[in-house]
Amino acid sequence: MGKDVIIACDFSSAQATFDFLDKFTEEKPFVKIGMELFYAEGPSIVKEIKKRGHKIFLDLKLHDIPNTVKKSMAVLSKLDVDMTNLHAAGTVDMMKAALEGLTREDGTRPLLIAVTQLTSTSEERMQNELLIHASINDTIVKYAQNAKEAGLDGVVCSPLEAGMVKENCGKAFMTVTPGVRFADGDIGDQVRVTTPAKAKEIGSDYIVVGRPITAAEDPVAAYRRCVEEFVG
């Protein structure tokens, strides 16, 4: 499995997205389409970006009863994305149903990963607001083990947890890590963050980078710096 940098295209319109992607004349970066863009533009934005030659991580974080998630994943599998996700908190049964729905008749499917805990969630918030009294690390490892048991390809976790997920679930179990910032950058609203170089060292397979690239004065240079630091 090759390492890669995924750009979070958190834009509110197709036009803003294409204006951004047009800056890349040499590379075709792997891109993440999240709720904001998908809800604004619908499936057509996925098809258009795919047609331009980009790999796509469709980040909609499904979380519902197993049957609803299964049917929704069957719809998403027709969009020909490369990776999609759900919340591990939805239980093993929900994750198994999602996998079933996502798998096409010919046996192919996008990669499916589970969100453990969002990078904006601190242990204190998790315990005080969500009443989860295990430590954040134990919770993340357990959610990852549940995802592996359900047959998923990996998890979304902060880079700080990628190492322990690999230790508990094996090296082949994928870690996709947001919460990546340059050492000289602003951490924004995320609390569990690290740099591209450190994420590589810890064992992330993919890093998801948004504002450090999309809000950079020169996004292409920022993307290349990320690739250089993470992929080498």
# chains A, B, ... in the order shown; residues from 1 in each chain; ligands from 1
call {"tool": "closest_atom_pairs", "arguments": {"of": "region 196-220 of chain A", "to": "region 12-25 of chain A", "cutoff": "9 Å", "atoms": "only C-alpha atoms", "output": "JSON lines"}}
result
{"residue": "A:Thr214", "atom": "CA", "partner": "A:Phe20", "partner_atom": "CA", "distance": 7.6}
{"residue": "A:Pro219", "atom": "CA", "partner": "A:Lys23", "partner_atom": "CA", "distance": 7.9}
{"residue": "A:Val220", "atom": "CA", "partner": "A:Phe24", "partner_atom": "CA", "distance": 6.4}
call {"tool": "write_last_selection", "arguments": {"atoms": "C-alpha atoms", "output": "PDB file, in the first residue's frame"}}
result
ATOM      1  CA  THR A 214      -6.343  24.967   0.371  1.00  0.00           C
ATOM      2  CA  PRO A 219      -1.549  25.612  -2.813  1.00  0.00           C
ATOM      3  CA  VAL A 220       0.491  23.609  -5.332  1.00  0.00           C
TER       4      VAL A 220
END
call {"tool": "residues_around", "arguments": {"residues": "Glu41 (chain A)", "least_positions_apart": "2", "cutoff": "12 Å", "atoms": "only C-alpha atoms", "output": "VMD selection string"}}
result
chain A and resid 11 to 17 33 to 39 43 to 49
call {"tool": "write_last_selection", "arguments": {"atoms": "C-alpha atoms", "output": "mmCIF file, in the first residue's frame"}}
result
data_model
loop_
_atom_site.group_PDB
_atom_site.id
_atom_site.type_symbol
_atom_site.label_atom_id
_atom_site.label_comp_id
_atom_site.auth_asym_id
_atom_site.auth_seq_id
_atom_site.Cartn_x
_atom_site.Cartn_y
_atom_site.Cartn_z
ATOM 1 C CA PHE A 11 -15.453 24.145 -0.546
ATOM 2 C CA SER A 12 -19.084 25.239 -0.714
ATOM 3 C CA SER A 13 -19.510 25.084 -4.498
ATOM 4 C CA ALA A 14 -18.396 23.238 -7.623
ATOM 5 C CA GLN A 15 -16.949 26.461 -9.028
ATOM 6 C CA ALA A 16 -14.691 27.057 -6.017
ATOM 7 C CA THR A 17 -13.575 23.425 -6.194
ATOM 8 C CA ILE A 33 -15.179 15.361 -0.861
ATOM 9 C CA GLY A 34 -16.927 16.016 2.423
ATOM 10 C CA MET A 35 -20.430 16.894 3.536
ATOM 11 C CA GLU A 36 -20.272 20.596 2.682
ATOM 12 C CA LEU A 37 -19.464 20.085 -0.979
ATOM 13 C CA PHE A 38 -21.543 16.923 -1.453
ATOM 14 C CA TYR A 39 -24.633 18.479 0.115
ATOM 15 C CA PRO A 43 -23.424 13.265 -6.843
ATOM 16 C CA SER A 44 -22.603 15.262 -9.996
ATOM 17 C CA ILE A 45 -19.550 16.825 -8.295
ATOM 18 C CA VAL A 46 -18.153 13.345 -7.607
ATOM 19 C CA LYS A 47 -18.641 12.283 -11.224
ATOM 20 C CA GLU A 48 -17.036 15.458 -12.585
ATOM 21 C CA ILE A 49 -13.953 15.250 -10.340
#
call {"tool": "select_by_dssp", "arguments": {"residues": "region 78-114 of chain A", "states": "alpha helix (DSSP H)", "output": "list in words"}}
result
Val92, Asp93, Met94, Met95, Lys96, Ala97, Ala98, Leu99, Glu100, Gly101 and Leu102 of chain A
call {"tool": "select_by_dssp", "arguments": {"residues": "region 18-147 of chain A", "states": "strand (DSSP E or B)", "output": "list of chain:residue names"}}
result
A:Phe30, A:Val31, A:Lys32, A:Ile33, A:Gly34, A:Ile56, A:Phe57, A:Leu58, A:Asp59, A:Leu60, A:Lys61, A:Leu62, A:Met83, A:Thr84, A:Asn85, A:Leu86, A:His87, A:Leu111, A:Leu112, A:Ile113, A:Ala114, A:Val115
call {"tool": "write_last_selection", "arguments": {"atoms": "C-alpha atoms", "output": "compact mmCIF listing (two decimals), in the first residue's frame"}}
result
# COMPACT_ATOMS: atom_id res chain seq x y z
CA PHE A 30 -6.22 12.39 -4.40
CA VAL A 31 -9.12 14.53 -3.10
CA LYS A 32 -11.60 14.26 -0.25
CA ILE A 33 -15.18 15.36 -0.86
CA GLY A 34 -16.93 16.02 2.42
CA ILE A 56 -11.81 10.38 -4.50
CA PHE A 57 -12.36 9.79 -0.80
CA LEU A 58 -16.08 10.44 -0.20
CA ASP A 59 -16.23 11.52 3.43
CA LEU A 60 -19.90 11.37 4.51
CA LYS A 61 -19.46 9.45 7.79
CA LEU A 62 -22.62 7.36 7.64
CA MET A 83 -12.71 5.30 -0.57
CA THR A 84 -15.66 6.08 1.70
CA ASN A 85 -16.40 5.97 5.41
CA LEU A 86 -18.79 5.59 8.33
CA HIS A 87 -18.74 6.05 12.10
CA LEU A 111 -12.10 1.02 0.36
CA LEU A 112 -14.24 1.35 3.48
CA ILE A 113 -12.87 2.94 6.63
CA ALA A 114 -14.38 3.81 10.00
CA VAL A 115 -14.08 7.04 11.96
call {"tool": "residues_around", "arguments": {"residues": "Cys169 (chain A)", "least_positions_apart": "3", "cutoff": "12 Å", "atoms": "only C-alpha atoms", "output": "list of chain:residue names"}}
result
A:Ile140, A:Val141, A:Lys142, A:Tyr143, A:Ala144, A:Gln145, A:Asn146, A:Ala147, A:Lys148, A:Glu149, A:Gly151, A:Leu152, A:Asp153, A:Gly154, A:Val155, A:Ala162, A:Gly163, A:Met164, A:Val165, A:Lys166, A:Ala172, A:Phe173, A:Met174, A:Thr175
call {"tool": "write_last_selection", "arguments": {"atoms": "N, CA, C and O atoms", "output": "tab-separated table (two decimals), in the first residue's frame"}}
result
chain	number	residue	atom	x	y	z
A	140	ILE	N	-10.38	4.29	20.96
A	140	ILE	CA	-9.97	4.28	19.55
A	140	ILE	C	-9.50	2.88	19.14
A	140	ILE	O	-9.88	2.37	18.08
A	141	VAL	N	-8.72	2.23	20.00
A	141	VAL	CA	-8.25	0.87	19.69
A	141	VAL	C	-9.42	-0.10	19.60
A	141	VAL	O	-9.50	-0.91	18.66
A	142	LYS	N	-10.37	0.00	20.52
A	142	LYS	CA	-11.54	-0.89	20.50
A	142	LYS	C	-12.38	-0.67	19.25
A	142	LYS	O	-12.82	-1.62	18.59
A	143	TYR	N	-12.61	0.62	18.87
A	143	TYR	CA	-13.37	0.92	17.66
A	143	TYR	C	-12.65	0.38	16.43
A	143	TYR	O	-13.28	-0.13	15.51
A	144	ALA	N	-11.32	0.48	16.42
A	144	ALA	CA	-10.53	-0.04	15.29
A	144	ALA	C	-10.65	-1.56	15.23
A	144	ALA	O	-10.80	-2.14	14.15
A	145	GLN	N	-10.58	-2.22	16.39
A	145	GLN	CA	-10.71	-3.68	16.41
A	145	GLN	C	-12.10	-4.11	15.93
A	145	GLN	O	-12.24	-5.09	15.20
A	146	ASN	N	-13.13	-3.35	16.30
A	146	ASN	CA	-14.49	-3.63	15.82
A	146	ASN	C	-14.56	-3.51	14.29
A	146	ASN	O	-15.19	-4.32	13.62
A	147	ALA	N	-13.91	-2.46	13.77
A	147	ALA	CA	-13.92	-2.23	12.32
A	147	ALA	C	-13.21	-3.38	11.60
A	147	ALA	O	-13.66	-3.85	10.56
A	148	LYS	N	-12.11	-3.85	12.18
A	148	LYS	CA	-11.37	-4.96	11.58
A	148	LYS	C	-12.23	-6.23	11.61
A	148	LYS	O	-12.30	-6.98	10.63
A	149	GLU	N	-12.89	-6.47	12.74
A	149	GLU	CA	-13.75	-7.64	12.88
A	149	GLU	C	-14.88	-7.61	11.84
A	149	GLU	O	-15.28	-8.65	11.31
A	151	GLY	N	-14.63	-6.46	8.92
A	151	GLY	CA	-14.08	-6.66	7.58
A	151	GLY	C	-13.69	-5.39	6.86
A	151	GLY	O	-13.40	-5.42	5.65
A	152	LEU	N	-13.65	-4.26	7.59
A	152	LEU	CA	-13.28	-2.99	6.95
A	152	LEU	C	-11.79	-2.93	6.66
A	152	LEU	O	-11.00	-3.74	7.18
A	153	ASP	N	-11.40	-1.96	5.83
A	153	ASP	CA	-10.00	-1.85	5.40
A	153	ASP	C	-9.13	-1.07	6.38
A	153	ASP	O	-7.91	-1.17	6.36
A	154	GLY	N	-9.78	-0.23	7.20
A	154	GLY	CA	-8.99	0.58	8.12
A	154	GLY	C	-9.85	1.59	8.84
A	154	GLY	O	-11.08	1.48	8.85
A	155	VAL	N	-9.18	2.56	9.44
A	155	VAL	CA	-9.89	3.58	10.21
A	155	VAL	C	-9.36	4.97	9.90
A	155	VAL	O	-8.23	5.14	9.44
A	162	ALA	N	-2.20	6.42	15.10
A	162	ALA	CA	-1.95	5.48	14.00
A	162	ALA	C	-1.06	4.31	14.44
A	162	ALA	O	-1.33	3.15	14.10
A	163	GLY	N	-0.05	4.61	15.22
A	163	GLY	CA	0.89	3.56	15.67
A	163	GLY	C	0.20	2.51	16.50
A	163	GLY	O	0.38	1.30	16.29
A	164	MET	N	-0.61	2.96	17.46
A	164	MET	CA	-1.25	1.96	18.34
A	164	MET	C	-2.34	1.18	17.60
A	164	MET	O	-2.60	0.01	17.93
A	165	VAL	N	-2.97	1.80	16.59
A	165	VAL	CA	-3.95	1.05	15.78
A	165	VAL	C	-3.22	-0.07	15.04
A	165	VAL	O	-3.68	-1.21	15.00
A	166	LYS	N	-2.07	0.26	14.45
A	166	LYS	CA	-1.27	-0.76	13.73
A	166	LYS	C	-0.83	-1.88	14.68
A	166	LYS	O	-0.87	-3.06	14.33
A	172	ALA	N	-1.20	-4.21	8.01
A	172	ALA	CA	-1.99	-4.10	6.77
A	172	ALA	C	-3.28	-3.31	6.98
A	172	ALA	O	-3.91	-2.88	6.01
A	173	PHE	N	-3.68	-3.10	8.23
A	173	PHE	CA	-4.91	-2.36	8.53
A	173	PHE	C	-4.61	-0.87	8.35
A	173	PHE	O	-3.71	-0.33	8.99
A	174	MET	N	-5.37	-0.25	7.49
A	174	MET	CA	-5.06	1.10	7.01
A	174	MET	C	-5.38	2.20	8.03
A	174	MET	O	-6.40	2.14	8.70
A	175	THR	N	-4.51	3.20	8.09
A	175	THR	CA	-4.82	4.38	8.91
A	175	THR	C	-4.83	5.62	8.03
A	175	THR	O	-3.87	5.91	7.32
